[in-house]
Amino acid sequence: MKTLLLSMAMGAAFTAQAANVDVKITNATDGIYFTPLIVAAHSPDAYLFRTGEAASADVEAMAEGGDISGLVALAEGVGADVQANPAEGILDPGASTSTTLYANHGDVLSIAAMLLPSNDAFIGVDSWKIPKKKGTYVIRANGYDAGTEANDELAGSVPTPPFITFGEGGTGVDIEVANETVHIHPGNLGDTDATGGLSDFDSTKHRWLNPVAIITVTVY
């Protein structure tokens with residue numbers, strides 16, 4: 001009987017230190033697309049990116065080309081509960097996707113995906129502490145600049161999927177990287193000249209301000 005009671009007590013203690021966490025991500029922009037997302041619950045000792053630090057090769061691959069495979073491998077390597085590509089592809093402006101994570105006591109939440117069109121911009125949540133208390137919480141997530149590529153806003157420098165219409169003949173907004181660390185992105189500039197100007201981005205569609213995503217976290 002003592003063994004049974006001890007076992008039950010240990011099970012209850014374990015349950016109290018872990019939780020299922022629903023994460024809903026809404027693209028809050030008017031004309032920017034999210035590439036496949038990585039959503040991870042992990043120990044606060046690990047991180048996917050850090051503001052003020054140079055981007056890793058895995059962050060660069062995600063921010064410049066939408067490739068999250070390196071970040072997924074990194075997160076899985078530190079024991080994170082990872083959901084890769086919950087939207088099963090591109091997350092359109094105004095659209096939402098949801099997933100569920102299993103979080104241990106003290107875990108944090110990290111999220112990342114490239115913003116299209118951009119040179120090296122990405123939606124980022126860096127190690128947001130998952131609350132112990134059950135309830136619903138809202139994160140207003142910013143767009144970050146990986147600091148790995150000049151924000152020239154030229155079609156030849158960025159992925160050009162068929163669902164985005166680019167201009168041509170732009171001369172380039174920035175010609176060099178001004179800040180080589182991860183930092184808050186100022187947003188696209190764009191212009192309305194489809195055959196010239198500085199940018200190949202359409203300022204009536206591709207400008208954006210922070211936050212770029214509204215994330216609803218429900219802890220059970």
# chains A, B, ... in the order shown; residues from 1 in each chain; ligands from 1
$ residues_around --residues "A:Ala84" --least-positions-apart "3" --cutoff "12 Å" --atoms "only C-alpha atoms" --output "ChimeraX atom specification"
/A:35-41,67-73,75-76,80-81,87-89,97-101,110-113
$ write_last_selection --atoms "N, CA and C atoms" --output "compact mmCIF listing (two decimals), in the first residue's frame"
# COMPACT_ATOMS: atom_id res chain seq x y z
N THR A 35 7.15 31.69 -44.09
CA THR A 35 7.59 30.38 -44.56
C THR A 35 7.31 29.36 -43.45
N PRO A 36 7.56 28.07 -43.68
CA PRO A 36 7.29 27.07 -42.63
C PRO A 36 7.88 27.46 -41.27
N LEU A 37 7.06 27.31 -40.25
CA LEU A 37 7.40 27.73 -38.89
C LEU A 37 8.06 26.61 -38.11
N ILE A 38 8.95 26.99 -37.20
CA ILE A 38 9.39 26.09 -36.15
C ILE A 38 8.81 26.62 -34.84
N VAL A 39 8.16 25.73 -34.08
CA VAL A 39 7.57 26.07 -32.79
C VAL A 39 8.12 25.06 -31.79
N ALA A 40 8.75 25.54 -30.72
CA ALA A 40 9.43 24.62 -29.82
C ALA A 40 9.29 25.03 -28.36
N ALA A 41 9.08 24.05 -27.50
CA ALA A 41 9.13 24.24 -26.05
C ALA A 41 10.42 23.58 -25.57
N ASP A 67 14.62 27.86 -44.65
CA ASP A 67 15.01 26.49 -44.31
C ASP A 67 15.13 26.34 -42.80
N ILE A 68 14.18 25.62 -42.19
CA ILE A 68 14.19 25.46 -40.73
C ILE A 68 14.81 24.14 -40.29
N SER A 69 15.32 23.36 -41.22
CA SER A 69 15.81 22.02 -40.86
C SER A 69 16.94 22.07 -39.83
N GLY A 70 17.84 23.03 -39.96
CA GLY A 70 18.94 23.14 -38.99
C GLY A 70 18.45 23.51 -37.61
N LEU A 71 17.48 24.42 -37.53
CA LEU A 71 16.93 24.82 -36.23
C LEU A 71 16.13 23.67 -35.61
N VAL A 72 15.44 22.91 -36.43
CA VAL A 72 14.70 21.76 -35.91
C VAL A 72 15.67 20.75 -35.31
N ALA A 73 16.75 20.47 -36.02
CA ALA A 73 17.75 19.53 -35.51
C ALA A 73 18.38 20.05 -34.22
N ALA A 75 16.97 22.10 -31.98
CA ALA A 75 15.99 22.01 -30.91
C ALA A 75 15.80 20.57 -30.45
N GLU A 76 15.72 19.65 -31.40
CA GLU A 76 15.56 18.24 -31.03
C GLU A 76 16.79 17.74 -30.27
N ALA A 80 14.04 19.43 -26.92
CA ALA A 80 12.83 20.24 -27.04
C ALA A 80 11.68 19.43 -27.62
N ASP A 81 10.46 19.84 -27.29
CA ASP A 81 9.29 19.33 -28.00
C ASP A 81 9.08 20.27 -29.18
N ALA A 87 1.64 24.82 -40.25
CA ALA A 87 0.71 25.31 -41.27
C ALA A 87 0.76 24.47 -42.54
N GLU A 88 1.69 23.50 -42.58
CA GLU A 88 1.88 22.65 -43.75
C GLU A 88 2.17 23.48 -45.00
N GLY A 89 3.07 24.43 -44.83
CA GLY A 89 3.46 25.28 -45.95
C GLY A 89 3.46 26.74 -45.55
N THR A 97 -2.54 29.34 -37.82
CA THR A 97 -2.26 27.92 -37.67
C THR A 97 -2.09 27.61 -36.20
N SER A 98 -2.36 26.38 -35.82
CA SER A 98 -2.28 25.99 -34.40
C SER A 98 -1.53 24.68 -34.24
N THR A 99 -0.94 24.52 -33.08
CA THR A 99 -0.26 23.27 -32.75
C THR A 99 -0.24 23.10 -31.24
N THR A 100 0.10 21.91 -30.77
CA THR A 100 0.15 21.62 -29.34
C THR A 100 1.54 21.11 -28.97
N LEU A 101 2.08 21.64 -27.89
CA LEU A 101 3.38 21.24 -27.38
C LEU A 101 3.23 20.66 -25.98
N SER A 110 9.87 29.09 -28.13
CA SER A 110 10.57 29.79 -29.20
C SER A 110 9.89 29.50 -30.54
N ILE A 111 9.83 30.52 -31.39
CA ILE A 111 9.17 30.41 -32.69
C ILE A 111 9.99 31.18 -33.71
N ALA A 112 10.06 30.66 -34.94
CA ALA A 112 10.76 31.40 -36.00
C ALA A 112 10.25 30.97 -37.37
N ALA A 113 10.28 31.90 -38.31
CA ALA A 113 9.99 31.63 -39.72
C ALA A 113 10.39 32.86 -40.51
$ residues_around --residues "stretch 189-200 of chain A" --least-positions-apart "4" --cutoff "8 Å" --atoms "only C-alpha atoms" --output "ChimeraX atom specification"
/A:152-155,166-173,204,206-207
$ closest_residue --among "A:Tyr102, A:Phe201, A:Trp128, A:Phe122" --to "A:Val219" --atoms "only C-alpha atoms"
A:Tyr102
$ closest_residue --among "A:Ala95, A:Leu109, A:Val82, A:Ala28" --to "A:Ser43" --atoms "only C-alpha atoms"
A:Leu109
$ decode --residues "stretch 34-49 of chain A" --atoms "all heavy atoms" --output "short mmCIF file (atom, residue, chain, number, x, y, z; two decimals), in the first residue's frame"
data_model
loop_
_atom_site.label_atom_id
_atom_site.label_comp_id
_atom_site.auth_asym_id
_atom_site.auth_seq_id
_atom_site.Cartn_x
_atom_site.Cartn_y
_atom_site.Cartn_z
N PHE A 34 4.56 34.01 -44.20
CA PHE A 34 5.48 33.29 -43.33
C PHE A 34 5.86 31.97 -44.00
O PHE A 34 4.98 31.22 -44.44
CB PHE A 34 4.85 32.96 -41.98
CG PHE A 34 4.46 34.13 -41.13
CD1 PHE A 34 3.76 33.92 -39.94
CD2 PHE A 34 4.74 35.43 -41.49
CE1 PHE A 34 3.38 34.98 -39.13
CE2 PHE A 34 4.37 36.51 -40.70
CZ PHE A 34 3.68 36.28 -39.52
N THR A 35 7.15 31.69 -44.09
CA THR A 35 7.59 30.38 -44.56
C THR A 35 7.31 29.36 -43.45
O THR A 35 6.86 29.73 -42.36
CB THR A 35 9.09 30.40 -44.92
OG1 THR A 35 9.84 30.74 -43.74
CG2 THR A 35 9.38 31.41 -46.02
N PRO A 36 7.56 28.07 -43.68
CA PRO A 36 7.29 27.07 -42.63
C PRO A 36 7.88 27.46 -41.27
O PRO A 36 9.03 27.89 -41.17
CB PRO A 36 7.94 25.80 -43.19
CG PRO A 36 7.73 25.94 -44.66
CD PRO A 36 7.95 27.40 -44.93
N LEU A 37 7.06 27.31 -40.25
CA LEU A 37 7.40 27.73 -38.89
C LEU A 37 8.06 26.61 -38.11
O LEU A 37 7.75 25.44 -38.30
CB LEU A 37 6.13 28.14 -38.15
CG LEU A 37 5.46 29.45 -38.58
CD1 LEU A 37 3.95 29.33 -38.50
CD2 LEU A 37 5.95 30.60 -37.68
N ILE A 38 8.95 26.99 -37.20
CA ILE A 38 9.39 26.09 -36.15
C ILE A 38 8.81 26.62 -34.84
O ILE A 38 8.91 27.81 -34.54
CB ILE A 38 10.93 25.97 -36.05
CG1 ILE A 38 11.30 25.11 -34.82
CG2 ILE A 38 11.63 27.31 -36.04
CD1 ILE A 38 12.78 24.77 -34.73
N VAL A 39 8.16 25.73 -34.08
CA VAL A 39 7.57 26.07 -32.79
C VAL A 39 8.12 25.06 -31.79
O VAL A 39 7.97 23.85 -31.98
CB VAL A 39 6.03 25.98 -32.85
CG1 VAL A 39 5.42 26.47 -31.54
CG2 VAL A 39 5.48 26.77 -34.04
N ALA A 40 8.75 25.54 -30.72
CA ALA A 40 9.43 24.62 -29.82
C ALA A 40 9.29 25.03 -28.36
O ALA A 40 9.38 26.22 -28.03
CB ALA A 40 10.92 24.54 -30.18
N ALA A 41 9.08 24.05 -27.50
CA ALA A 41 9.13 24.24 -26.05
C ALA A 41 10.42 23.58 -25.57
O ALA A 41 10.66 22.40 -25.85
CB ALA A 41 7.92 23.61 -25.38
N HIS A 42 11.23 24.34 -24.83
CA HIS A 42 12.55 23.80 -24.47
C HIS A 42 13.06 24.43 -23.19
O HIS A 42 12.50 25.41 -22.67
CB HIS A 42 13.55 24.06 -25.61
CG HIS A 42 13.70 25.52 -25.98
ND1 HIS A 42 14.59 26.36 -25.36
CD2 HIS A 42 13.05 26.27 -26.91
CE1 HIS A 42 14.50 27.57 -25.90
NE2 HIS A 42 13.58 27.55 -26.82
N SER A 43 14.14 23.89 -22.70
CA SER A 43 14.78 24.40 -21.50
C SER A 43 15.29 25.82 -21.73
O SER A 43 15.75 26.15 -22.83
CB SER A 43 15.95 23.49 -21.13
OG SER A 43 16.84 24.15 -20.24
N PRO A 44 15.26 26.68 -20.71
CA PRO A 44 15.78 28.04 -20.86
C PRO A 44 17.29 28.08 -21.05
O PRO A 44 17.85 29.14 -21.37
CB PRO A 44 15.36 28.73 -19.56
CG PRO A 44 15.17 27.62 -18.58
CD PRO A 44 14.66 26.46 -19.38
N ASP A 45 17.96 26.97 -20.88
CA ASP A 45 19.40 26.92 -21.10
C ASP A 45 19.76 26.93 -22.59
O ASP A 45 20.91 27.16 -22.95
CB ASP A 45 20.00 25.65 -20.47
CG ASP A 45 19.82 25.62 -18.95
OD1 ASP A 45 19.74 26.71 -18.35
OD2 ASP A 45 19.74 24.53 -18.39
N ALA A 46 18.77 26.68 -23.45
CA ALA A 46 19.01 26.63 -24.89
C ALA A 46 18.24 27.77 -25.57
O ALA A 46 17.32 28.35 -24.99
CB ALA A 46 18.56 25.29 -25.45
N TYR A 47 18.61 28.08 -26.79
CA TYR A 47 17.88 29.12 -27.54
C TYR A 47 18.10 28.91 -29.04
O TYR A 47 19.08 28.30 -29.47
CB TYR A 47 18.31 30.52 -27.11
CG TYR A 47 19.78 30.82 -27.27
CD1 TYR A 47 20.28 31.33 -28.47
CD2 TYR A 47 20.67 30.62 -26.22
CE1 TYR A 47 21.63 31.62 -28.62
CE2 TYR A 47 22.03 30.90 -26.37
CZ TYR A 47 22.49 31.41 -27.56
OH TYR A 47 23.84 31.68 -27.71
N LEU A 48 17.16 29.44 -29.83
CA LEU A 48 17.28 29.38 -31.28
C LEU A 48 18.05 30.58 -31.82
O LEU A 48 18.81 30.46 -32.77
CB LEU A 48 15.89 29.33 -31.93
CG LEU A 48 14.99 28.15 -31.57
CD1 LEU A 48 13.72 28.20 -32.40
CD2 LEU A 48 15.71 26.82 -31.76
N PHE A 49 17.82 31.74 -31.22
CA PHE A 49 18.52 32.96 -31.63
C PHE A 49 18.57 33.90 -30.44
O PHE A 49 17.84 33.72 -29.46
CB PHE A 49 17.82 33.63 -32.82
CG PHE A 49 16.48 34.25 -32.48
CD1 PHE A 49 16.38 35.60 -32.14
CD2 PHE A 49 15.31 33.50 -32.52
CE1 PHE A 49 15.15 36.17 -31.83
CE2 PHE A 49 14.07 34.06 -32.21
CZ PHE A 49 14.00 35.40 -31.86
#
